[in-house]
Amino acid sequence: MIHESYPLITDENREMFIFESVGPKGRVKKVVIFDQIRADLWNLGFGDLLEHSWDDAVITNNGDLVRVISSVAQATYKFSEKWPERRILISPVDEKRKQLYNTIFKRRYHEIMAIFEIKGLQGKKLQNYDPHKYFDLFLLSRKKT
């Protein structure tokens with residue numbers, strides 16, 4: 001799944017990753033943040049890095065979507081390597097991103113399943129991921145090796 005990704009800068013805990021998107025709109029700093037929701041559940045947040053915060057609703061359109069998504073995937077793998085017991089919640093902020101995430105999980109299903117157990121929420125039902133279904137959010141658990 002991880003094709004060419006941008007170099008990641010991270011903290012010791014691997015809970016925040018920063019990289020730069022490079023394209024026609026110049027260099028745009030991006031951030032991937034893993035925020036604790038419960039003891040073993042962490043939300044994956046992703047967006048543009050601003051001076052004192054970040055924006056997960058902005059659409060940059062810098063012409064490098066595959067590389068940006070690969071960088072987010074790389075951050076997710078690195079986070080789960082350090083913290084294999086932590087589950088990762090991926091909850092799209094809008095319908096366009098929900099469609100994008102469903103497409104990514106469907107296309108890269110076998111690669112993702114090699115490392116993670118995937119569950120999806122459809123309506124109010126959390127179930128094992130099925131690439132033929134459309135999900136509202138995703139829950140990743142690193143497989144024990």
# chains A, B, ... in the order shown; residues from 1 in each chain; ligands from 1
>>> select_by_dssp(residues="stretch 48-123 of chain A", states="alpha helix (DSSP H)", output="PyMOL selection string")
chain A and resi 65-82+95-107+109-113
>>> write_last_selection(atoms="N, CA and C atoms", output="mmCIF file, in the first residue's frame")
data_model
loop_
_atom_site.group_PDB
_atom_site.id
_atom_site.type_symbol
_atom_site.label_atom_id
_atom_site.label_comp_id
_atom_site.auth_asym_id
_atom_site.auth_seq_id
_atom_site.Cartn_x
_atom_site.Cartn_y
_atom_site.Cartn_z
ATOM 1 N N LEU A 65 -2.095 13.382 -4.417
ATOM 2 C CA LEU A 65 -2.967 12.635 -3.509
ATOM 3 C C LEU A 65 -2.412 11.256 -3.153
ATOM 4 N N VAL A 66 -1.915 10.508 -4.132
ATOM 5 C CA VAL A 66 -1.416 9.160 -3.853
ATOM 6 C C VAL A 66 -0.241 9.222 -2.882
ATOM 7 N N ARG A 67 0.653 10.161 -3.099
ATOM 8 C CA ARG A 67 1.813 10.279 -2.212
ATOM 9 C C ARG A 67 1.398 10.746 -0.816
ATOM 10 N N VAL A 68 0.432 11.639 -0.726
ATOM 11 C CA VAL A 68 -0.063 12.095 0.574
ATOM 12 C C VAL A 68 -0.730 10.934 1.323
ATOM 13 N N ILE A 69 -1.597 10.185 0.645
ATOM 14 C CA ILE A 69 -2.264 9.041 1.284
ATOM 15 C C ILE A 69 -1.236 7.991 1.696
ATOM 16 N N SER A 70 -0.217 7.772 0.868
ATOM 17 C CA SER A 70 0.854 6.839 1.219
ATOM 18 C C SER A 70 1.605 7.307 2.470
ATOM 19 N N SER A 71 1.765 8.611 2.618
ATOM 20 C CA SER A 71 2.437 9.162 3.793
ATOM 21 C C SER A 71 1.592 8.965 5.047
ATOM 22 N N VAL A 72 0.281 9.141 4.921
ATOM 23 C CA VAL A 72 -0.622 8.892 6.052
ATOM 24 C C VAL A 72 -0.591 7.407 6.415
ATOM 25 N N ALA A 73 -0.583 6.537 5.400
ATOM 26 C CA ALA A 73 -0.487 5.091 5.655
ATOM 27 C C ALA A 73 0.822 4.757 6.349
ATOM 28 N N GLN A 74 1.915 5.349 5.905
ATOM 29 C CA GLN A 74 3.219 5.117 6.537
ATOM 30 C C GLN A 74 3.193 5.527 8.005
ATOM 31 N N ALA A 75 2.589 6.676 8.307
ATOM 32 C CA ALA A 75 2.462 7.133 9.694
ATOM 33 C C ALA A 75 1.639 6.144 10.517
ATOM 34 N N THR A 76 0.579 5.618 9.921
ATOM 35 C CA THR A 76 -0.272 4.644 10.609
ATOM 36 C C THR A 76 0.507 3.371 10.930
ATOM 37 N N TYR A 77 1.283 2.884 9.978
ATOM 38 C CA TYR A 77 2.106 1.695 10.214
ATOM 39 C C TYR A 77 3.133 1.958 11.311
ATOM 40 N N LYS A 78 3.784 3.110 11.287
ATOM 41 C CA LYS A 78 4.800 3.434 12.290
ATOM 42 C C LYS A 78 4.181 3.566 13.682
ATOM 43 N N PHE A 79 3.013 4.198 13.751
ATOM 44 C CA PHE A 79 2.307 4.318 15.028
ATOM 45 C C PHE A 79 1.971 2.931 15.573
ATOM 46 N N SER A 80 1.439 2.070 14.717
ATOM 47 C CA SER A 80 1.022 0.741 15.179
ATOM 48 C C SER A 80 2.216 -0.182 15.456
ATOM 49 N N GLU A 81 3.360 0.080 14.854
ATOM 50 C CA GLU A 81 4.568 -0.676 15.209
ATOM 51 C C GLU A 81 4.980 -0.373 16.639
ATOM 52 N N LYS A 82 4.945 0.899 17.002
ATOM 53 C CA LYS A 82 5.320 1.329 18.351
ATOM 54 C C LYS A 82 4.254 0.923 19.366
ATOM 55 N N GLU A 95 -18.460 13.617 3.418
ATOM 56 C CA GLU A 95 -18.865 12.553 2.486
ATOM 57 C C GLU A 95 -17.795 12.273 1.426
ATOM 58 N N LYS A 96 -17.137 13.316 0.954
ATOM 59 C CA LYS A 96 -16.099 13.136 -0.068
ATOM 60 C C LYS A 96 -14.954 12.272 0.480
ATOM 61 N N ARG A 97 -14.548 12.533 1.697
ATOM 62 C CA ARG A 97 -13.477 11.739 2.302
ATOM 63 C C ARG A 97 -13.947 10.325 2.629
ATOM 64 N N LYS A 98 -15.197 10.193 3.018
ATOM 65 C CA LYS A 98 -15.741 8.855 3.268
ATOM 66 C C LYS A 98 -15.655 8.014 1.996
ATOM 67 N N GLN A 99 -15.992 8.623 0.873
ATOM 68 C CA GLN A 99 -15.906 7.918 -0.409
ATOM 69 C C GLN A 99 -14.448 7.571 -0.731
ATOM 70 N N LEU A 100 -13.543 8.517 -0.499
ATOM 71 C CA LEU A 100 -12.120 8.275 -0.741
ATOM 72 C C LEU A 100 -11.600 7.128 0.132
ATOM 73 N N TYR A 101 -11.919 7.145 1.418
ATOM 74 C CA TYR A 101 -11.425 6.105 2.329
ATOM 75 C C TYR A 101 -12.000 4.742 1.969
ATOM 76 N N ASN A 102 -13.267 4.697 1.590
ATOM 77 C CA ASN A 102 -13.853 3.424 1.156
ATOM 78 C C ASN A 102 -13.134 2.901 -0.086
ATOM 79 N N THR A 103 -12.803 3.789 -1.009
ATOM 80 C CA THR A 103 -12.090 3.388 -2.219
ATOM 81 C C THR A 103 -10.691 2.859 -1.874
ATOM 82 N N ILE A 104 -9.996 3.543 -0.997
ATOM 83 C CA ILE A 104 -8.647 3.108 -0.599
ATOM 84 C C ILE A 104 -8.700 1.738 0.063
ATOM 85 N N PHE A 105 -9.605 1.566 1.028
ATOM 86 C CA PHE A 105 -9.696 0.276 1.719
ATOM 87 C C PHE A 105 -10.081 -0.839 0.756
ATOM 88 N N LYS A 106 -10.947 -0.539 -0.192
ATOM 89 C CA LYS A 106 -11.356 -1.557 -1.160
ATOM 90 C C LYS A 106 -10.188 -1.949 -2.072
ATOM 91 N N ARG A 107 -9.488 -0.950 -2.605
ATOM 92 C CA ARG A 107 -8.383 -1.223 -3.531
ATOM 93 C C ARG A 107 -7.181 -1.868 -2.857
ATOM 94 N N TYR A 109 -7.239 -3.596 0.081
ATOM 95 C CA TYR A 109 -7.758 -4.522 1.094
ATOM 96 C C TYR A 109 -6.742 -5.592 1.494
ATOM 97 N N HIS A 110 -6.184 -6.307 0.524
ATOM 98 C CA HIS A 110 -5.281 -7.421 0.839
ATOM 99 C C HIS A 110 -3.997 -6.939 1.499
ATOM 100 N N GLU A 111 -3.482 -5.812 1.067
ATOM 101 C CA GLU A 111 -2.270 -5.263 1.671
ATOM 102 C C GLU A 111 -2.524 -4.823 3.113
ATOM 103 N N ILE A 112 -3.637 -4.170 3.344
ATOM 104 C CA ILE A 112 -3.964 -3.698 4.688
ATOM 105 C C ILE A 112 -4.251 -4.885 5.603
ATOM 106 N N MET A 113 -4.992 -5.872 5.090
ATOM 107 C CA MET A 113 -5.343 -7.051 5.893
ATOM 108 C C MET A 113 -4.122 -7.886 6.289
#
>>> residues_around(residues="A:Lys25", least_positions_apart="5", cutoff="10 Å", atoms="only C-alpha atoms", output="PyMOL selection string")
chain A and resi 60-63
>>> write_last_selection(atoms="C-alpha atoms", output="short mmCIF file (atom, residue, chain, number, x, y, z; two decimals), in the first residue's frame")
data_model
loop_
_atom_site.label_atom_id
_atom_site.label_comp_id
_atom_site.auth_asym_id
_atom_site.auth_seq_id
_atom_site.Cartn_x
_atom_site.Cartn_y
_atom_site.Cartn_z
CA THR A 60 -5.42 21.28 -0.78
CA ASN A 61 -5.51 19.73 -4.29
CA ASN A 62 -1.73 19.85 -4.65
CA GLY A 63 -1.67 17.12 -7.30
#
>>> closest_residue(among="A:Pro84, A:Gly23, A:Pro7, A:Pro92", to="A:Phe46", atoms="only C-alpha atoms")
A:Pro92
>>> closest_residue(among="A:Met16, A:Leu8, A:Ile118, A:Val93", to="A:Pro131", atoms="only C-alpha atoms")
A:Ile118
>>> atom_distance(atom1="atom CA of A:Asp55", atom2="atom CA of A:Ser91")
14.7 Å
>>> atom_distance(atom1="atom CA of A:Lys29", atom2="atom CA of A:Phe17")
10.5 Å
>>> select_by_dssp(residues="chain A", states="strand (DSSP E or B)", output="PyMOL selection string")
chain A and resi 9-10+16-23+26-38+41-49+54-55+87-90+116-122+125-128+137-142
>>> residues_around(residues="A:Val22", least_positions_apart="4", cutoff="8 Å", atoms="only C-alpha atoms", output="list in words")
Gly26, Arg27, Val28, Asn62 and Asp64 of chain A
>>> residues_around(residues="A:Tyr129", least_positions_apart="3", cutoff="8 Å", atoms="only C-alpha atoms", output="list in words")
Ile118, Lys119, Gly120 and Lys133 of chain A
>>> closest_residue(among="A:Arg87, A:Thr145, A:Phe135, A:Arg38", to="A:Ile115", atoms="only C-alpha atoms")
A:Thr145
>>> closest_residue(among="A:Leu50, A:Ile90, A:Leu137, A:Val32", to="A:Thr10", atoms="only C-alpha atoms")
A:Val32
>>> atom_distance(atom1="atom CA of A:His132", atom2="atom CA of A:Ala114")
18.1 Å
